[in-house]
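Asks: What follows is target_6.cif, mmCIF, C-alpha atoms and all ligand atoms.
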data_model
loop_
_atom_site.label_atom_id
_atom_site.label_comp_id
_atom_site.auth_asym_id
_atom_site.auth_seq_id
_atom_site.Cartn_x
_atom_site.Cartn_y
_atom_site.Cartn_z
CA MET A 1 -227.70 -23.89 96.49
CA THR A 2 -227.09 -27.28 98.13
CA ASN A 3 -226.74 -27.39 101.89
CA GLU A 4 -223.13 -28.49 101.46
CA SER A 5 -222.27 -25.45 99.34
CA LYS A 6 -223.62 -23.18 102.09
CA ILE A 7 -220.80 -24.16 104.43
CA ILE A 8 -218.05 -21.60 105.02
CA ASP A 9 -215.01 -23.84 105.41
CA GLY A 10 -213.03 -21.97 108.07
CA LYS A 11 -210.53 -24.78 108.32
CA ALA A 12 -209.58 -24.54 104.63
CA ILE A 13 -209.61 -20.73 104.58
CA ALA A 14 -207.39 -20.63 107.69
CA ALA A 15 -205.00 -23.21 106.19
CA GLU A 16 -204.64 -21.03 103.11
CA LEU A 17 -203.81 -17.97 105.24
CA ARG A 18 -201.33 -19.97 107.32
CA ALA A 19 -199.58 -21.21 104.16
CA GLU A 20 -199.31 -17.60 102.90
CA LEU A 21 -197.84 -16.56 106.26
CA ALA A 22 -195.32 -19.42 106.24
CA LYS A 23 -194.11 -18.20 102.83
CA LYS A 24 -193.90 -14.62 104.09
CA VAL A 25 -191.81 -15.75 107.10
CA GLU A 26 -189.51 -17.78 104.85
CA ALA A 27 -189.00 -14.79 102.55
CA ARG A 28 -188.23 -12.36 105.38
CA VAL A 29 -185.74 -14.74 106.99
CA ALA A 30 -184.09 -15.35 103.57
CA ALA A 31 -183.77 -11.56 103.27
CA GLY A 32 -181.84 -11.47 106.56
CA LYS A 33 -184.71 -10.16 108.68
CA SER A 34 -185.63 -11.53 112.10
CA VAL A 35 -187.63 -14.70 112.74
CA PRO A 36 -191.03 -13.56 114.08
CA GLY A 37 -191.40 -14.53 117.74
CA LEU A 38 -194.53 -15.05 119.84
CA ALA A 39 -194.44 -15.30 123.64
CA THR A 40 -197.33 -16.97 125.43
CA VAL A 41 -197.82 -16.31 129.14
CA LEU A 42 -199.86 -18.96 130.93
CA VAL A 43 -200.68 -18.44 134.59
CA GLY A 44 -201.97 -21.49 136.47
CA ASP A 45 -202.95 -24.92 135.21
CA ASN A 46 -206.39 -24.49 133.64
CA ALA A 47 -206.63 -27.47 131.24
CA ALA A 48 -208.48 -25.58 128.47
CA SER A 49 -205.97 -22.70 128.59
CA GLN A 50 -203.07 -25.16 128.45
CA SER A 51 -204.58 -26.81 125.39
CA TYR A 52 -205.21 -23.43 123.63
CA VAL A 53 -201.62 -22.33 124.28
CA GLY A 54 -200.34 -25.69 123.01
CA MET A 55 -202.35 -25.31 119.78
CA LYS A 56 -201.02 -21.79 119.26
CA GLN A 57 -197.41 -22.91 119.77
CA LYS A 58 -197.85 -25.81 117.32
CA ALA A 59 -199.32 -23.48 114.70
CA CYS A 60 -196.38 -21.08 115.21
CA ALA A 61 -193.87 -23.87 114.61
CA LYS A 62 -195.61 -24.84 111.35
CA ALA A 63 -195.45 -21.25 110.09
CA GLY A 64 -191.77 -20.82 111.00
CA ILE A 65 -192.59 -18.52 113.94
CA LYS A 66 -190.50 -18.98 117.09
CA SER A 67 -192.49 -19.43 120.28
CA PHE A 68 -191.51 -18.61 123.82
CA GLY A 69 -193.73 -20.38 126.35
CA ILE A 70 -193.77 -18.84 129.82
CA LYS A 71 -195.58 -20.80 132.51
CA MET A 72 -196.30 -19.27 135.89
CA GLU A 73 -197.72 -20.77 139.06
CA ALA A 74 -201.43 -20.19 139.78
CA ASP A 75 -200.50 -18.06 142.81
CA ALA A 76 -198.13 -15.75 140.88
CA THR A 77 -198.43 -12.17 142.12
CA GLN A 78 -199.51 -9.16 140.07
CA GLU A 79 -195.94 -7.81 140.26
CA GLU A 80 -194.46 -11.11 139.06
CA VAL A 81 -196.78 -11.31 136.05
CA GLU A 82 -196.20 -7.67 135.13
CA LYS A 83 -192.42 -8.18 135.46
CA VAL A 84 -192.59 -11.11 133.00
CA VAL A 85 -194.55 -8.93 130.55
CA SER A 86 -192.09 -6.08 130.97
CA ASP A 87 -189.11 -8.40 130.29
CA LEU A 88 -190.86 -9.67 127.15
CA ASN A 89 -191.46 -6.07 126.05
CA ALA A 90 -187.71 -5.54 126.23
CA ASN A 91 -186.77 -8.79 124.44
CA PRO A 92 -186.04 -8.04 120.75
CA GLU A 93 -186.62 -11.68 119.76
CA VAL A 94 -190.22 -11.44 120.97
CA HIS A 95 -192.51 -9.54 118.59
CA GLY A 96 -195.87 -10.59 119.98
CA ILE A 97 -197.02 -11.18 123.57
CA LEU A 98 -200.13 -13.17 124.38
CA VAL A 99 -201.34 -13.43 127.95
CA GLN A 100 -203.75 -16.37 128.00
CA LEU A 101 -207.11 -15.35 129.49
CA PRO A 102 -208.82 -15.79 131.84
CA LEU A 103 -206.20 -15.02 134.47
CA PRO A 104 -206.66 -16.37 138.02
CA SER A 105 -209.16 -14.12 139.82
CA HIS A 106 -206.64 -12.53 142.23
CA LEU A 107 -204.90 -10.86 139.26
CA ASP A 108 -205.97 -7.55 137.72
CA GLU A 109 -206.44 -8.47 134.06
CA GLU A 110 -206.72 -4.89 132.81
CA LYS A 111 -203.43 -3.91 134.47
CA VAL A 112 -201.65 -6.93 132.98
CA LEU A 113 -202.98 -6.19 129.48
CA ASN A 114 -202.06 -2.54 129.93
CA ALA A 115 -198.47 -3.59 130.66
CA ILE A 116 -198.04 -5.14 127.19
CA SER A 117 -196.31 -2.83 124.71
CA ILE A 118 -199.00 -1.86 122.15
CA GLU A 119 -196.58 -2.79 119.35
CA LYS A 120 -196.50 -6.35 120.72
CA ASP A 121 -200.21 -6.61 121.56
CA VAL A 122 -201.00 -9.37 119.04
CA ASP A 123 -204.23 -10.30 120.85
CA GLY A 124 -205.44 -6.72 120.41
CA PHE A 125 -206.73 -6.45 124.00
CA HIS A 126 -204.57 -3.52 125.13
CA PRO A 127 -206.91 -0.69 126.24
CA ILE A 128 -205.33 1.67 123.67
CA ASN A 129 -205.87 -0.75 120.80
CA ILE A 130 -209.46 -1.40 121.88
CA GLY A 131 -210.04 2.34 122.42
CA ARG A 132 -208.80 3.12 118.91
CA LEU A 133 -211.08 0.43 117.51
CA ALA A 134 -214.01 2.27 119.10
CA GLN A 135 -213.09 5.66 117.64
CA LYS A 136 -213.80 6.96 114.18
CA GLY A 137 -210.73 7.67 112.06
CA ARG A 138 -208.33 5.95 114.48
CA GLU A 139 -206.63 2.68 113.62
CA PRO A 140 -205.65 0.10 116.23
CA LEU A 141 -202.30 -1.58 115.59
CA PHE A 142 -203.92 -4.95 116.24
CA VAL A 143 -207.48 -6.21 116.31
CA PRO A 144 -208.62 -9.15 118.51
CA CYS A 145 -208.12 -12.38 116.58
CA THR A 146 -211.54 -14.06 116.81
CA PRO A 147 -213.58 -11.02 115.67
CA ASP A 148 -210.99 -10.25 112.99
CA GLY A 149 -211.26 -13.88 111.82
CA CYS A 150 -215.06 -13.49 111.50
CA ILE A 151 -214.65 -10.43 109.28
CA TYR A 152 -212.00 -12.25 107.23
CA LEU A 153 -214.45 -15.10 106.60
CA LEU A 154 -217.20 -12.65 105.57
CA ASP A 155 -214.82 -10.95 103.14
CA LYS A 156 -213.62 -14.27 101.79
CA ILE A 157 -217.15 -15.30 100.78
CA GLY A 158 -217.84 -11.83 99.35
CA ALA A 159 -220.56 -10.98 101.89
CA GLN A 160 -221.87 -7.43 101.59
CA ILE A 161 -221.05 -5.88 104.99
CA GLU A 162 -221.61 -2.21 104.16
CA GLY A 163 -225.25 -1.32 104.69
CA ALA A 164 -226.12 -4.79 105.98
CA GLU A 165 -228.21 -5.34 109.10
CA ALA A 166 -225.78 -7.18 111.38
CA VAL A 167 -226.86 -8.68 114.69
CA VAL A 168 -224.18 -9.69 117.19
CA LEU A 169 -225.30 -12.06 119.93
CA GLY A 170 -223.00 -11.42 122.90
CA ARG A 171 -221.07 -8.36 124.16
CA SER A 172 -217.94 -9.85 125.74
CA ASN A 173 -214.64 -7.95 125.71
CA ILE A 174 -212.95 -10.64 123.65
CA VAL A 175 -215.57 -11.42 121.01
CA GLY A 176 -218.98 -9.70 120.93
CA MET A 177 -218.02 -6.07 121.56
CA PRO A 178 -214.91 -5.86 119.32
CA LEU A 179 -216.85 -7.73 116.62
CA ALA A 180 -219.65 -5.15 116.81
CA LEU A 181 -217.08 -2.33 116.59
CA LEU A 182 -215.43 -3.89 113.54
CA LEU A 183 -218.81 -4.23 111.83
CA VAL A 184 -219.66 -0.59 112.59
CA GLY A 185 -216.27 0.35 111.12
CA ARG A 186 -217.27 -1.51 107.96
CA ASN A 187 -220.51 0.49 107.76
CA ALA A 188 -222.93 -2.25 108.79
CA THR A 189 -225.97 -1.28 110.88
CA VAL A 190 -225.28 -3.19 114.07
CA THR A 191 -227.48 -4.47 116.88
CA VAL A 192 -225.74 -5.96 119.91
CA CYS A 193 -227.74 -8.47 121.98
CA HIS A 194 -227.06 -9.78 125.46
CA SER A 195 -228.73 -11.58 128.35
CA ARG A 196 -231.24 -8.75 128.95
CA THR A 197 -232.31 -8.38 125.32
CA LYS A 198 -236.06 -8.87 124.86
CA ASP A 199 -237.43 -11.20 122.18
CA LEU A 200 -234.10 -12.39 120.80
CA PRO A 201 -235.65 -14.43 117.97
CA ALA A 202 -237.37 -11.32 116.56
CA VAL A 203 -234.20 -9.21 116.82
CA CYS A 204 -232.07 -11.93 115.19
CA ARG A 205 -234.59 -12.40 112.37
CA LYS A 206 -233.77 -8.87 111.13
CA ALA A 207 -230.19 -9.85 110.43
CA ASP A 208 -228.63 -10.13 107.00
CA ILE A 209 -225.54 -11.20 108.94
CA LEU A 210 -226.06 -12.98 112.26
CA LEU A 211 -223.03 -13.57 114.47
CA ALA A 212 -223.45 -15.71 117.58
CA ALA A 213 -221.00 -15.54 120.50
CA VAL A 214 -222.99 -16.41 123.62
CA GLY A 215 -221.60 -19.73 124.81
CA ARG A 216 -225.07 -21.37 124.87
CA PRO A 217 -225.10 -24.69 122.99
CA GLU A 218 -227.34 -24.64 119.88
CA MET A 219 -229.39 -21.69 121.12
CA VAL A 220 -230.08 -20.15 117.70
CA LYS A 221 -232.95 -21.96 115.97
CA LYS A 222 -234.50 -21.86 112.52
CA ASP A 223 -237.11 -19.24 113.39
CA TRP A 224 -234.33 -16.85 114.55
CA VAL A 225 -232.83 -16.72 111.06
CA LYS A 226 -233.94 -14.59 108.13
CA PRO A 227 -234.03 -16.76 105.00
CA GLY A 228 -230.77 -16.34 103.09
CA ALA A 229 -228.86 -14.76 106.00
CA VAL A 230 -225.15 -15.34 106.55
CA VAL A 231 -224.61 -16.97 109.94
CA ILE A 232 -221.25 -16.88 111.72
CA ASP A 233 -221.19 -19.23 114.70
CA VAL A 234 -218.40 -18.30 117.09
CA GLY A 235 -219.69 -20.59 119.84
CA SER A 236 -217.66 -23.55 120.94
CA ASN A 237 -219.40 -25.61 123.61
CA ARG A 238 -218.66 -29.08 124.92
CA ILE A 239 -221.82 -31.10 125.56
CA GLU A 240 -222.38 -34.65 126.74
CA ASP A 241 -223.16 -37.28 124.13
CA PRO A 242 -223.36 -40.80 125.55
CA SER A 243 -223.76 -42.21 122.02
CA LEU A 244 -220.10 -41.38 121.36
CA GLU A 245 -217.24 -43.41 122.79
CA LYS A 246 -215.60 -40.31 124.28
CA GLY A 247 -218.96 -39.30 125.83
CA TYR A 248 -219.03 -35.71 124.56
CA LYS A 249 -218.99 -33.54 121.45
CA TRP A 250 -218.40 -29.90 120.50
CA VAL A 251 -221.26 -27.77 119.20
CA GLY A 252 -221.73 -24.11 118.37
CA ASP A 253 -224.21 -21.52 119.61
CA VAL A 254 -226.29 -22.20 116.49
CA ASP A 255 -228.39 -25.33 115.99
CA TYR A 256 -226.73 -26.19 112.69
CA ASP A 257 -229.08 -29.00 111.62
CA ASP A 258 -232.13 -26.90 112.42
CA VAL A 259 -231.03 -23.77 110.51
CA ILE A 260 -229.16 -25.22 107.53
CA ASP A 261 -232.21 -25.20 105.20
CA VAL A 262 -232.88 -21.51 105.91
CA VAL A 263 -229.41 -19.89 105.91
CA GLY A 264 -227.62 -18.44 102.90
CA ARG A 265 -224.16 -19.35 104.22
CA ILE A 266 -222.98 -20.66 107.58
CA THR A 267 -219.78 -21.47 109.47
CA PRO A 268 -219.85 -24.90 111.10
CA SER A 269 -218.62 -25.28 114.67
CA PRO A 270 -216.14 -26.85 114.97
CA GLY A 271 -214.34 -26.05 111.72
CA GLY A 272 -215.43 -22.44 111.22
CA VAL A 273 -214.26 -19.51 113.32
CA GLY A 274 -211.94 -21.52 115.63
CA PRO A 275 -209.20 -22.19 113.05
CA MET A 276 -209.36 -18.53 111.94
CA THR A 277 -208.58 -17.32 115.47
CA ILE A 278 -205.20 -19.05 115.40
CA ALA A 279 -204.43 -18.02 111.81
CA LYS A 280 -205.13 -14.38 112.73
CA LEU A 281 -202.82 -14.64 115.75
CA LEU A 282 -200.01 -15.75 113.44
CA ASP A 283 -200.89 -12.97 111.01
CA ASN A 284 -200.67 -10.41 113.83
CA THR A 285 -197.32 -11.84 114.98
CA VAL A 286 -195.81 -11.55 111.51
CA ARG A 287 -197.11 -7.97 111.33
CA ALA A 288 -195.61 -7.23 114.75
CA ALA A 289 -192.23 -8.37 113.38
CA GLU A 290 -192.72 -6.04 110.41
CA ILE A 291 -193.54 -3.16 112.77
CA ALA A 292 -190.29 -3.92 114.66
CA ASP A 293 -188.36 -3.90 111.32
CA GLY A 294 -189.39 -0.30 110.80
CA LYS A 295 -188.02 0.86 114.16
P1 LIG A 301 -218.84 -14.68 127.52
O1 LIG A 301 -219.47 -15.63 128.47
O2 LIG A 301 -217.74 -13.81 127.96
O3 LIG A 301 -219.99 -13.72 126.93
C1 LIG A 301 -221.22 -14.24 126.54
C2 LIG A 301 -222.12 -13.12 126.06
O4 LIG A 301 -223.35 -13.71 125.66
C3 LIG A 301 -222.44 -12.10 127.14
O5 LIG A 301 -222.46 -10.81 126.56
C4 LIG A 301 -223.84 -12.50 127.63
O6 LIG A 301 -224.66 -11.43 128.00
C5 LIG A 301 -224.42 -13.12 126.38
N1 LIG A 301 -225.40 -14.16 126.73
C6 LIG A 301 -225.20 -15.23 127.51
N2 LIG A 301 -226.33 -15.96 127.59
C7 LIG A 301 -227.26 -15.32 126.84
C8 LIG A 301 -228.62 -15.57 126.54
N3 LIG A 301 -229.26 -16.63 127.01
N4 LIG A 301 -229.25 -14.70 125.74
C9 LIG A 301 -228.62 -13.61 125.24
N5 LIG A 301 -227.32 -13.33 125.49
C10 LIG A 301 -226.66 -14.17 126.29
O7 LIG A 301 -218.42 -15.56 126.26
P2 LIG A 301 -217.31 -15.31 125.12
O8 LIG A 301 -217.65 -14.10 124.35
O9 LIG A 301 -215.97 -15.46 125.71
O10 LIG A 301 -217.55 -16.61 124.22
C11 LIG A 301 -218.76 -16.82 123.54
C12 LIG A 301 -218.67 -18.15 122.81
O11 LIG A 301 -217.64 -18.07 121.84
C13 LIG A 301 -218.31 -19.35 123.69
O12 LIG A 301 -218.97 -20.51 123.19
C14 LIG A 301 -216.82 -19.50 123.50
O13 LIG A 301 -216.37 -20.82 123.72
C15 LIG A 301 -216.70 -19.12 122.05
N6 LIG A 301 -215.37 -18.62 121.68
C16 LIG A 301 -214.81 -19.15 120.56
C17 LIG A 301 -213.59 -18.72 120.13
C18 LIG A 301 -213.03 -19.30 118.90
O14 LIG A 301 -211.89 -19.08 118.60
N7 LIG A 301 -213.84 -20.02 118.12
C19 LIG A 301 -212.81 -17.71 120.87
C20 LIG A 301 -213.51 -17.16 122.01
C21 LIG A 301 -214.74 -17.62 122.39
P3 LIG A 301 -224.34 -10.46 129.28
O15 LIG A 301 -223.26 -9.54 128.80
O16 LIG A 301 -225.62 -9.76 129.53
O17 LIG A 301 -223.89 -11.36 130.38
#
Translate this file's structure into structure tokens.

Replies:
Amino acid sequence: MTNESKIIDGKAIAAELRAELAKKVEARVAAGKSVPGLATVLVGDNAASQSYVGMKQKACAKAGIKSFGIKMEADATQEEVEKVVSDLNANPEVHGILVQLPLPSHLDEEKVLNAISIEKDVDGFHPINIGRLAQKGREPLFVPCTPDGCIYLLDKIGAQIEGAEAVVLGRSNIVGMPLALLLVGRNATVTVCHSRTKDLPAVCRKADILLAAVGRPEMVKKDWVKPGAVVIDVGSNRIEDPSLEKGYKWVGDVDYDDVIDVVGRITPSPGGVGPMTIAKLLDNTVRAAEIADGK
């Protein structure tokens, strides 16, 4: 296998899914059903959050999904944010509600997420959806988009998940932990690593599937990877690079150039998991509209 053929092209796979979704939206509207609608709630003026919300709204427009952008001041109160969510719950044009995280620290994130109707919880962070994900035989209505995107990529390349040794680096609420739960649900044998894990390289070397979500630029090196392993790099880190005109570049949690000779398959970062996150959000929004159809 050439190094080029090892690349899992998340950008292309996400574009394919988005095109399928655009067709689905067109067909449902032609059949007289509602236009799927996604509301984004942005509290404060964090530049990264603004840019993520902007990307999500653009992607919605391309897929024929209507977006409702709600911007709130950084000092919005808990009651004000929950009132906005409650109004969106009651709005029949809105099928999905996304509260952009992180929220300013004076707000209670769990309470805000809890206020979203589980049928509109397209980010999959509602405690009931997460709780169902953690329980055998229970199905969440929605699964968090980034972890779901990772599984989608693994399925797309025909990776054997059942019975595989999977190692997840990171245990955050939005990526590492739901990803580990999804892998358990698919019958992988899962090890979850975090900042207190001892001898990370040795633990990672056991993995048939290694998934990195730590937010540490290029941390995973060649000797952490079992030859032939599938590596999913969720990391997205901005680092300085004075050799470039803009002075910085984006890298993953995996040292791509170092590991490429050893891996079986790998997602680049950028261009791997990132595009899948947005495609999965659109997918969840279309599904939320379908759930509303059945009511
Ligand atoms: P968090 O900071 O919330 O979590 C990081 C996790 O990694 C924690 O569990 C932490 O352990 C663990 N960790 C941190 N440093 C180390 C270390 N040196 N050794 C072992 N474990 C460590 O990050 P997120 O989960 O939000 O994001 C992870 C990465 O994924 C980031 O680069 C982020 O930008 C990217 N990301 C990409 C997305 C995409 O769409 N492509 C979406 C979301 C995130 P502990 O729990 O002990 O603190």

Asks: Can you tell me, as a PyMOL selection string, which residues sit within 10 Å of (-195.2, -6.8, 128.7) in the file's frame, using only C-alpha atoms?

Replies: chain A and resi 39+41+81-91+96-99+112-118+120-121

Asks: Please write out the residues within 8 Å of ligand LIG 301 (chain A) as a PyMOL selection string, counting only C-alpha atoms and all ligand atoms.

Replies: chain A and resi 145-146+169-176+193-197+200+212-217+219+234-237+252-253+269-270+272-278

Asks: How about saving the chosen residues, C-alpha atoms kept, as a PDB file, keeping the file's coordinate frame?

Replies:
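Written file, out_6.pdb:
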ATOM      1  CA  CYS A 145    -208.120 -12.380 116.580  1.00  0.00           C
ATOM      2  CA  THR A 146    -211.540 -14.060 116.810  1.00  0.00           C
ATOM      3  CA  LEU A 169    -225.300 -12.060 119.930  1.00  0.00           C
ATOM      4  CA  GLY A 170    -223.000 -11.420 122.900  1.00  0.00           C
ATOM      5  CA  ARG A 171    -221.070  -8.360 124.160  1.00  0.00           C
ATOM      6  CA  SER A 172    -217.940  -9.850 125.740  1.00  0.00           C
ATOM      7  CA  ASN A 173    -214.640  -7.950 125.710  1.00  0.00           C
ATOM      8  CA  ILE A 174    -212.950 -10.640 123.650  1.00  0.00           C
ATOM      9  CA  VAL A 175    -215.570 -11.420 121.010  1.00  0.00           C
ATOM     10  CA  GLY A 176    -218.980  -9.700 120.930  1.00  0.00           C
ATOM     11  CA  CYS A 193    -227.740  -8.470 121.980  1.00  0.00           C
ATOM     12  CA  HIS A 194    -227.060  -9.780 125.460  1.00  0.00           C
ATOM     13  CA  SER A 195    -228.730 -11.580 128.350  1.00  0.00           C
ATOM     14  CA  ARG A 196    -231.240  -8.750 128.950  1.00  0.00           C
ATOM     15  CA  THR A 197    -232.310  -8.380 125.320  1.00  0.00           C
ATOM     16  CA  LEU A 200    -234.100 -12.390 120.800  1.00  0.00           C
ATOM     17  CA  ALA A 212    -223.450 -15.710 117.580  1.00  0.00           C
ATOM     18  CA  ALA A 213    -221.000 -15.540 120.500  1.00  0.00           C
ATOM     19  CA  VAL A 214    -222.990 -16.410 123.620  1.00  0.00           C
ATOM     20  CA  GLY A 215    -221.600 -19.730 124.810  1.00  0.00           C
ATOM     21  CA  ARG A 216    -225.070 -21.370 124.870  1.00  0.00           C
ATOM     22  CA  PRO A 217    -225.100 -24.690 122.990  1.00  0.00           C
ATOM     23  CA  MET A 219    -229.390 -21.690 121.120  1.00  0.00           C
ATOM     24  CA  VAL A 234    -218.400 -18.300 117.090  1.00  0.00           C
ATOM     25  CA  GLY A 235    -219.690 -20.590 119.840  1.00  0.00           C
ATOM     26  CA  SER A 236    -217.660 -23.550 120.940  1.00  0.00           C
ATOM     27  CA  ASN A 237    -219.400 -25.610 123.610  1.00  0.00           C
ATOM     28  CA  GLY A 252    -221.730 -24.110 118.370  1.00  0.00           C
ATOM     29  CA  ASP A 253    -224.210 -21.520 119.610  1.00  0.00           C
ATOM     30  CA  SER A 269    -218.620 -25.280 114.670  1.00  0.00           C
ATOM     31  CA  PRO A 270    -216.140 -26.850 114.970  1.00  0.00           C
ATOM     32  CA  GLY A 272    -215.430 -22.440 111.220  1.00  0.00           C
ATOM     33  CA  VAL A 273    -214.260 -19.510 113.320  1.00  0.00           C
ATOM     34  CA  GLY A 274    -211.940 -21.520 115.630  1.00  0.00           C
ATOM     35  CA  PRO A 275    -209.200 -22.190 113.050  1.00  0.00           C
ATOM     36  CA  MET A 276    -209.360 -18.530 111.940  1.00  0.00           C
ATOM     37  CA  THR A 277    -208.580 -17.320 115.470  1.00  0.00           C
ATOM     38  CA  ILE A 278    -205.200 -19.050 115.400  1.00  0.00           C
TER      39      ILE A 278
END

Asks: For the atom pair atom CA of A:Leu133 and atom CA of A:Pro178, what is the interatomic distance in Å to one decimal place?

Replies: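 Interatomic distance, atom CA of A:Leu133 to atom CA of A:Pro178: 7.6 Å.
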
Asks: List the neighbours of A:Glu26 out to 9 Å using only C-alpha atoms; skip same-chain residues closer than 3 positions along the sequence, and give me the result as JSON, numbers by chain.

Replies: {"A": [21, 22, 23, 29, 30, 31, 35, 63, 64]}

Asks: Taking into account all atoms listed in the file, which residue in the set A:Ala202, A:Glu16, A:Thr267, A:Arg287 is nearest to A:Leu141?

Replies: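 Of all the options, A:Arg287 lies closest to A:Leu141.
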
Asks: Identify, on the basis of only C-alpha atoms, every residue whose closest approach to A:Lys66 does not exceed 12 Å; exclude the query and any residue fewer than 4 positions from it along the same chain; express the result as number ranges by chain.

Replies: A: 22, 25, 29, 34-40, 56-62, 93-96, 282, 285-286, 289

Asks: Please compute the atom CA of A:Leu154-atom CA of A:Gly137 distance, one decimal, in Å.

Replies: 22.3 Å

Asks: I'd like to know which of A:Asp233, A:Glu109, A:Asp208, A:Asp293 is closest to A:Ile161, using only C-alpha atoms.

Replies: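 Looking at the shortest contact to A:Ile161, the residue is A:Asp208.
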
Asks: Nearest residue to A:Gln100 out of A:Leu42, A:Gln50, A:Lys136, A:Lys156, using all atoms listed in the file?

Replies: A:Leu42

Asks: I need the residue nearest A:Asp75 from this list: A:Gly271, A:Pro227, A:Pro140, A:Pro104. Use only C-alpha atoms for the distance.

Replies: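 The answer is A:Pro104, which sits nearest to A:Asp75.
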
Asks: If I take atom CA of A:Ile260 and atom CA of A:Lys222, how far is one from the other in Å, to one decimal?

Replies: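 Between atom CA of A:Ile260 and atom CA of A:Lys222 the gap is 8.0 Å.
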
Asks: Have a look at A:Pro92, A:Gly158, A:Gly44, A:Gly32 and name the one nearest to A:Lys71; count only C-alpha atoms.

Replies: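 Between A:Pro92, A:Gly158, A:Gly44, A:Gly32, the residue approaching A:Lys71 most closely is A:Gly44.
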
Asks: Considering all atoms listed in the file, return as a list in words whatever protein or nucleic-acid residues lie within 7 Å of A:Ala14, sequence-local ones (same chain, fewer than 3 positions apart) excluded.

Replies: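 Contacts, with the query itself left out: Gly10, Lys11, Leu17, Arg18, Pro275, Met276 and Ala279 of chain A.
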